[in-house]
Protein chains: 2
Amino acid sequence: MPERQSSRKDAIRNREAVLAAADTLFTRRESPEDVTMADVAAAAGVGKGTLFRAFGDRAGLLRALYEARLEPIRQAVETGPPPLGPATPPRDRVPALLDALLCFKLDNRRLALALEEGGSSSPYRAEHYERWHSLLRAVLEQIPGLTDRDFTAHALLAATRADLVEHLVEEERIPRERMRSQLANFVTSVLACGPLQGSTAEEVTENRASP
Amino acid sequence: MPERQSSRKDAIRNREAVLAAADTLFTRRESPEDVTMADVAAAAGVGKGTLFRAFGDRAGLLRALYEARLEPIRQAVETGPPPLGPATPPRDRVPALLDALLCFKLDNRRLALALEEGGSSSPYRAEHYERWHSLLRAVLEQIPGLTDRDFTAHALLAATRADLVEHLVEEERIPRERMRSQLANFVTSVLACGPLQGSTAEEVTENRASP
DNA sequence: ATAGAATCCGGACCCTGGGTCCACTTCAAC
DNA sequence: GTTGAAGTGGACCCAGGGTCCGGATTCTAT
């Protein structure tokens, strides 16, 4: 567990360099598989030892990158204003959360892909998945008339999986906005049980999370 | 593409031996990652060269195993009686298809896992996924009042992904029947748009696909 | 300022596992 | 039985993740 912060100047500088280099490489290269640890180290102007000391292993590096990129959204979700923040009515928040997640994966396709598939263990063991799932589940819990919230949360999240997104973008060439509205429609139909109220797919598509 | 049949006795015998050995190993071992090609070859009493000649590469072996196991369902879907066969009304067939797929993945967890994640390329490039998707999409097309059938098909299939199933079984300890009914409910809610008719979740859960 | 300890650096090295190669064997067609 | 096409198996190759450790750097105490 080599994850604790170091106070040494060079260590910090190198950590940043690695992060930056990895970021660049993962977004540039076609498939995450053909960016090796050695590549990252070289691009960062650093030895492999340094890289592994700083991040433990490949998964650790990916995780660090991912968490860093996810931070803004995390903030917005935990303490931000509607439609992502806690003050949002549940029926509006669920689609907003999933839309934000989708946008994130669209903006960080390669990285998300690397993290979700590359790991030796399933993506469901990652703590960030756990966070999204329990949050979504909690919000679903506040909507009356639904059943199987736990499973529903999993199923909804599954619709935004990185490799699916990648496939839709790369093979089926579905444009961003279309994909967002499709997901919104899908979510809407899942939530439609019980007394319906407010929020159509179009409305949700309005609050753009990224340009 | 070394996939064509051989007529030689020894080749056929070895192919069978490999298939059987791989089957055993993949279902026995905890994670598909720790069954190596060398293991399979050894267990089959065969050299690595033979193994690779017969199946091309790891993915080829997995594919062959998977297709073999999937054959019965494939038959049932293409030419069988309701609720899987083509004669089934669309609103009933969609849940039946997904239930069959779920049962299949429950019965072949490890194998499905190995095939879906282990591959270097995404599961969405596998032709068996393409088959399921286009079938499901076609059936959805016959249901009036839905939109985004292509995406909906992807999203529904995503709810039965091998690693999700694995997680639900292994971590959350959700029993088989409960999972089937949860999926059925989920599917139902997605299809619920437009004039509803027939088929509740309970009905679907009745036609058991496997003991 | 400077010694000394703690920490970090980096690239040579190890090891696993997928995939290839090829001298030798086996099959089946004649 | 002969023959050559096809199959066999295990030694071998190689990429890539991860480790190691002698030497360089930085912090701290004096």
# chains A, B, ... in the order shown; residues from 1 in each chain; ligands from 1
>>> interface_residues(of="chain B", to="chain A", cutoff="9 Å", atoms="only C-alpha atoms", output="number ranges by chain")
B: 31, 33, 117-118, 120-125, 147-148, 151-152, 154-161, 163-164, 166-168, 179, 182-183, 185-193
>>> write_last_selection(atoms="N, CA and C atoms", output="mmCIF file, in the first residue's frame")
data_model
loop_
_atom_site.group_PDB
_atom_site.id
_atom_site.type_symbol
_atom_site.label_atom_id
_atom_site.label_comp_id
_atom_site.auth_asym_id
_atom_site.auth_seq_id
_atom_site.Cartn_x
_atom_site.Cartn_y
_atom_site.Cartn_z
ATOM 1 N N SER B 31 -10.771 -17.727 -10.379
ATOM 2 C CA SER B 31 -10.774 -16.686 -11.391
ATOM 3 C C SER B 31 -10.261 -17.236 -12.714
ATOM 4 N N GLU B 33 -8.506 -15.862 -14.737
ATOM 5 C CA GLU B 33 -7.162 -15.377 -15.016
ATOM 6 C C GLU B 33 -6.088 -16.390 -14.635
ATOM 7 N N GLU B 117 -14.434 -10.472 -20.229
ATOM 8 C CA GLU B 117 -13.431 -9.530 -19.768
ATOM 9 C C GLU B 117 -12.048 -9.828 -20.310
ATOM 10 N N GLY B 118 -11.722 -11.112 -20.323
ATOM 11 C CA GLY B 118 -10.361 -11.496 -20.675
ATOM 12 C C GLY B 118 -9.912 -11.011 -22.036
ATOM 13 N N SER B 120 -8.809 -9.111 -25.268
ATOM 14 C CA SER B 120 -8.094 -7.850 -25.395
ATOM 15 C C SER B 120 -9.050 -6.766 -25.903
ATOM 16 N N SER B 121 -9.919 -7.129 -26.842
ATOM 17 C CA SER B 121 -10.866 -6.142 -27.330
ATOM 18 C C SER B 121 -12.167 -6.254 -26.543
ATOM 19 N N SER B 122 -12.991 -5.246 -26.651
ATOM 20 C CA SER B 122 -14.208 -5.192 -25.864
ATOM 21 C C SER B 122 -15.154 -6.325 -26.228
ATOM 22 N N PRO B 123 -16.020 -6.709 -25.296
ATOM 23 C CA PRO B 123 -17.007 -7.760 -25.545
ATOM 24 C C PRO B 123 -17.955 -7.367 -26.676
ATOM 25 N N TYR B 124 -18.008 -6.087 -26.982
ATOM 26 C CA TYR B 124 -18.965 -5.631 -27.974
ATOM 27 C C TYR B 124 -18.525 -5.949 -29.389
ATOM 28 N N ARG B 125 -17.318 -6.422 -29.515
ATOM 29 C CA ARG B 125 -16.872 -6.806 -30.851
ATOM 30 C C ARG B 125 -17.102 -8.276 -31.112
ATOM 31 N N THR B 147 -38.899 3.922 -27.969
ATOM 32 C CA THR B 147 -37.949 4.715 -28.763
ATOM 33 C C THR B 147 -36.557 4.171 -28.531
ATOM 34 N N ASP B 148 -35.611 4.575 -29.353
ATOM 35 C CA ASP B 148 -34.203 4.228 -29.138
ATOM 36 C C ASP B 148 -34.009 2.731 -28.944
ATOM 37 N N PHE B 151 -30.302 1.486 -28.589
ATOM 38 C CA PHE B 151 -29.708 1.751 -27.279
ATOM 39 C C PHE B 151 -30.369 0.917 -26.189
ATOM 40 N N THR B 152 -31.667 0.838 -26.245
ATOM 41 C CA THR B 152 -32.388 0.057 -25.228
ATOM 42 C C THR B 152 -31.893 -1.386 -25.200
ATOM 43 N N HIS B 154 -28.954 -2.478 -26.041
ATOM 44 C CA HIS B 154 -27.645 -2.464 -25.376
ATOM 45 C C HIS B 154 -27.806 -2.365 -23.864
ATOM 46 N N ALA B 155 -28.648 -1.448 -23.440
ATOM 47 C CA ALA B 155 -28.792 -1.205 -22.007
ATOM 48 C C ALA B 155 -29.364 -2.431 -21.292
ATOM 49 N N LEU B 156 -30.323 -3.081 -21.914
ATOM 50 C CA LEU B 156 -30.887 -4.277 -21.292
ATOM 51 C C LEU B 156 -29.846 -5.382 -21.211
ATOM 52 N N LEU B 157 -29.116 -5.554 -22.288
ATOM 53 C CA LEU B 157 -28.072 -6.580 -22.268
ATOM 54 C C LEU B 157 -27.018 -6.272 -21.213
ATOM 55 N N ALA B 158 -26.755 -5.000 -21.032
ATOM 56 C CA ALA B 158 -25.745 -4.607 -20.046
ATOM 57 C C ALA B 158 -26.132 -5.059 -18.640
ATOM 58 N N ALA B 159 -27.424 -5.194 -18.415
ATOM 59 C CA ALA B 159 -27.882 -5.616 -17.091
ATOM 60 C C ALA B 159 -27.573 -7.083 -16.816
ATOM 61 N N THR B 160 -27.180 -7.808 -17.837
ATOM 62 C CA THR B 160 -26.838 -9.227 -17.623
ATOM 63 C C THR B 160 -25.353 -9.483 -17.813
ATOM 64 N N ARG B 161 -24.553 -8.454 -17.725
ATOM 65 C CA ARG B 161 -23.121 -8.660 -17.970
ATOM 66 C C ARG B 161 -22.503 -9.583 -16.946
ATOM 67 N N ASP B 163 -19.708 -9.876 -15.369
ATOM 68 C CA ASP B 163 -19.077 -9.454 -14.126
ATOM 69 C C ASP B 163 -20.090 -8.898 -13.129
ATOM 70 N N LEU B 164 -21.155 -8.314 -13.651
ATOM 71 C CA LEU B 164 -22.224 -7.883 -12.751
ATOM 72 C C LEU B 164 -22.883 -9.097 -12.099
ATOM 73 N N GLU B 166 -21.631 -12.011 -11.700
ATOM 74 C CA GLU B 166 -20.644 -12.569 -10.770
ATOM 75 C C GLU B 166 -20.658 -11.815 -9.449
ATOM 76 N N HIS B 167 -20.683 -10.502 -9.549
ATOM 77 C CA HIS B 167 -20.680 -9.678 -8.345
ATOM 78 C C HIS B 167 -21.934 -9.910 -7.502
ATOM 79 N N LEU B 168 -23.075 -9.960 -8.163
ATOM 80 C CA LEU B 168 -24.326 -10.153 -7.437
ATOM 81 C C LEU B 168 -24.348 -11.511 -6.747
ATOM 82 N N MET B 179 -32.712 -12.949 -8.306
ATOM 83 C CA MET B 179 -32.075 -12.196 -9.369
ATOM 84 C C MET B 179 -32.909 -12.247 -10.635
ATOM 85 N N GLN B 182 -35.778 -9.924 -10.256
ATOM 86 C CA GLN B 182 -35.354 -8.525 -10.325
ATOM 87 C C GLN B 182 -35.131 -8.091 -11.758
ATOM 88 N N LEU B 183 -34.451 -8.949 -12.496
ATOM 89 C CA LEU B 183 -34.223 -8.608 -13.900
ATOM 90 C C LEU B 183 -35.553 -8.501 -14.636
ATOM 91 N N ASN B 185 -38.460 -7.731 -13.447
ATOM 92 C CA ASN B 185 -39.111 -6.472 -13.083
ATOM 93 C C ASN B 185 -38.501 -5.302 -13.831
ATOM 94 N N PHE B 186 -37.195 -5.315 -13.889
ATOM 95 C CA PHE B 186 -36.490 -4.226 -14.570
ATOM 96 C C PHE B 186 -36.923 -4.156 -16.032
ATOM 97 N N VAL B 187 -36.887 -5.296 -16.687
ATOM 98 C CA VAL B 187 -37.287 -5.349 -18.093
ATOM 99 C C VAL B 187 -38.718 -4.860 -18.259
ATOM 100 N N THR B 188 -39.565 -5.346 -17.390
ATOM 101 C CA THR B 188 -40.970 -4.937 -17.452
ATOM 102 C C THR B 188 -41.109 -3.425 -17.385
ATOM 103 N N SER B 189 -40.367 -2.817 -16.472
ATOM 104 C CA SER B 189 -40.527 -1.373 -16.316
ATOM 105 C C SER B 189 -40.019 -0.634 -17.552
ATOM 106 N N VAL B 190 -39.001 -1.203 -18.189
ATOM 107 C CA VAL B 190 -38.509 -0.561 -19.408
ATOM 108 C C VAL B 190 -39.535 -0.668 -20.534
ATOM 109 N N LEU B 191 -40.210 -1.809 -20.582
ATOM 110 C CA LEU B 191 -41.181 -2.026 -21.652
ATOM 111 C C LEU B 191 -42.532 -1.366 -21.355
ATOM 112 N N ALA B 192 -42.690 -0.863 -20.157
ATOM 113 C CA ALA B 192 -44.005 -0.433 -19.704
ATOM 114 C C ALA B 192 -44.557 0.765 -20.451
ATOM 115 N N CYS B 193 -43.694 1.519 -21.143
ATOM 116 C CA CYS B 193 -44.183 2.651 -21.915
ATOM 117 C C CYS B 193 -45.193 2.171 -22.952
#
>>> residues_around(residues="segment 21-23 of chain C", least_positions_apart="4", cutoff="12 Å", atoms="only C-alpha atoms (C1' of nucleotides)", output="PyMOL selection string")
(chain B and resi 48-49) or (chain D and resi 8-13)
>>> select_by_dssp(residues="segment 56-192 of chain B", states="helix (DSSP H, G or I)", output="PyMOL selection string")
chain B and resi 58-79+90-107+109-118+123-125+127-141+149-158+162-170+176-191
>>> residues_around(residues="Gly60 of chain A", least_positions_apart="2", cutoff="12 Å", atoms="only C-alpha atoms (C1' of nucleotides)", output="list in words")
Met1, Pro2, Glu3, Leu19, Met37, Leu51, Phe52, Arg53, Ala54, Phe55, Gly56, Asp57, Arg58, Leu62, Arg63, Ala64, Leu65, Tyr66, Glu67, Ala114, Leu115, Gly118, Gly119, Ser120 and Ala126 of chain A
>>> closest_atom_pairs(of="chain D", to="chain A", cutoff="10 Å", atoms="only C-alpha atoms (C1' of nucleotides)", output="JSON lines")
{"residue": "D:DA15", "atom": "C1'", "partner": "A:Thr36", "partner_atom": "CA", "distance": 9.9}
{"residue": "D:DG16", "atom": "C1'", "partner": "A:Thr36", "partner_atom": "CA", "distance": 7.1}
{"residue": "D:DG17", "atom": "C1'", "partner": "A:Met37", "partner_atom": "CA", "distance": 7.6}
{"residue": "D:DG18", "atom": "C1'", "partner": "A:Asp57", "partner_atom": "CA", "distance": 7.8}
{"residue": "D:DT19", "atom": "C1'", "partner": "A:Gly49", "partner_atom": "CA", "distance": 8.3}
{"residue": "D:DC20", "atom": "C1'", "partner": "A:Gly49", "partner_atom": "CA", "distance": 9.1}
{"residue": "D:DT25", "atom": "C1'", "partner": "A:Asp10", "partner_atom": "CA", "distance": 8.4}
{"residue": "D:DT26", "atom": "C1'", "partner": "A:Arg8", "partner_atom": "CA", "distance": 6.9}
{"residue": "D:DC27", "atom": "C1'", "partner": "A:Arg8", "partner_atom": "CA", "distance": 8.2}
>>> write_last_selection(atoms="C-alpha atoms (C1' of nucleotides)", output="PDB file, in the first residue's frame")
ATOM      1  C1'  DA D  15       6.579  -8.278 -24.067  1.00  0.00           C
ATOM      2  C1'  DG D  16       5.346  -6.257 -20.093  1.00  0.00           C
ATOM      3  C1'  DG D  17       4.415  -5.913 -15.053  1.00  0.00           C
ATOM      4  C1'  DG D  18       6.916  -5.729 -11.000  1.00  0.00           C
ATOM      5  C1'  DT D  19      11.360  -5.969  -7.901  1.00  0.00           C
ATOM      6  C1'  DC D  20      16.042  -4.680  -6.322  1.00  0.00           C
ATOM      7  C1'  DT D  25      19.268  13.735  -3.097  1.00  0.00           C
ATOM      8  C1'  DT D  26      17.031  15.839   0.564  1.00  0.00           C
ATOM      9  C1'  DC D  27      15.916  16.646   5.278  1.00  0.00           C
TER      10       DC D  27
END
>>> closest_residue(among="B:Val35, B:Ala153, B:Leu70, B:Ala20", to="chain C", atoms="only C-alpha atoms (C1' of nucleotides)")
B:Val35
>>> residues_around(residues="segment 79-94 of chain A", least_positions_apart="4", cutoff="7 Å", atoms="only C-alpha atoms (C1' of nucleotides)", output="PyMOL selection string")
chain A and resi 75+98+136+139-140+142-143+199
>>> closest_atom_pairs(of="chain C", to="chain B", cutoff="10 Å", atoms="only C-alpha atoms (C1' of nucleotides)", output="Markdown table")
| residue | atom | partner | partner_atom | distance |
| --- | --- | --- | --- | --- |
| C:DG17 | C1' | B:Thr36 | CA | 7.0 |
| C:DG18 | C1' | B:Met37 | CA | 7.6 |
| C:DG19 | C1' | B:Asp57 | CA | 7.8 |
| C:DT20 | C1' | B:Gly49 | CA | 8.4 |
| C:DC21 | C1' | B:Gly49 | CA | 9.2 |
| C:DT26 | C1' | B:Asp10 | CA | 8.3 |
| C:DC27 | C1' | B:Arg8 | CA | 6.7 |
| C:DA28 | C1' | B:Arg8 | CA | 8.4 |
>>> residues_around(residues="DA24 of chain D", least_positions_apart="3", cutoff="12 Å", atoms="only C-alpha atoms (C1' of nucleotides)", output="number ranges by chain")
A: 10; C: 7-10
>>> residues_around(residues="Arg29 of chain B", least_positions_apart="3", cutoff="12 Å", atoms="only C-alpha atoms (C1' of nucleotides)", output="number ranges by chain")
B: 21-26, 32-36, 39-40, 109-111, 114
>>> write_last_selection(atoms="C-alpha atoms", output="short mmCIF file (atom, residue, chain, number, x, y, z; two decimals), in the first residue's frame")
data_model
loop_
_atom_site.label_atom_id
_atom_site.label_comp_id
_atom_site.auth_asym_id
_atom_site.auth_seq_id
_atom_site.Cartn_x
_atom_site.Cartn_y
_atom_site.Cartn_z
CA ALA B 21 -10.09 -29.98 -19.96
CA ALA B 22 -10.63 -26.27 -20.46
CA ASP B 23 -14.24 -26.60 -19.48
CA THR B 24 -13.31 -28.33 -16.27
CA LEU B 25 -10.55 -25.90 -15.42
CA PHE B 26 -12.56 -22.77 -16.08
CA PRO B 32 -10.41 -17.30 -15.11
CA GLU B 33 -7.16 -15.38 -15.02
CA ASP B 34 -5.31 -18.10 -13.23
CA VAL B 35 -5.95 -20.81 -15.72
CA THR B 36 -3.16 -20.50 -18.23
CA ASP B 39 -2.48 -25.46 -17.71
CA VAL B 40 -5.11 -26.33 -20.25
CA ARG B 109 -20.36 -17.69 -14.65
CA ARG B 110 -16.67 -18.32 -14.86
CA LEU B 111 -16.71 -19.04 -18.54
CA ALA B 114 -13.43 -15.21 -18.96
#
>>> atom_distance(atom1="atom CA of Arg74 of chain B", atom2="atom CA of Arg180 of chain B")
19.6 Å
>>> residues_around(residues="DT2 of chain C", least_positions_apart="4", cutoff="12 Å", atoms="only C-alpha atoms (C1' of nucleotides)", output="PyMOL selection string")
chain D and resi 28-30
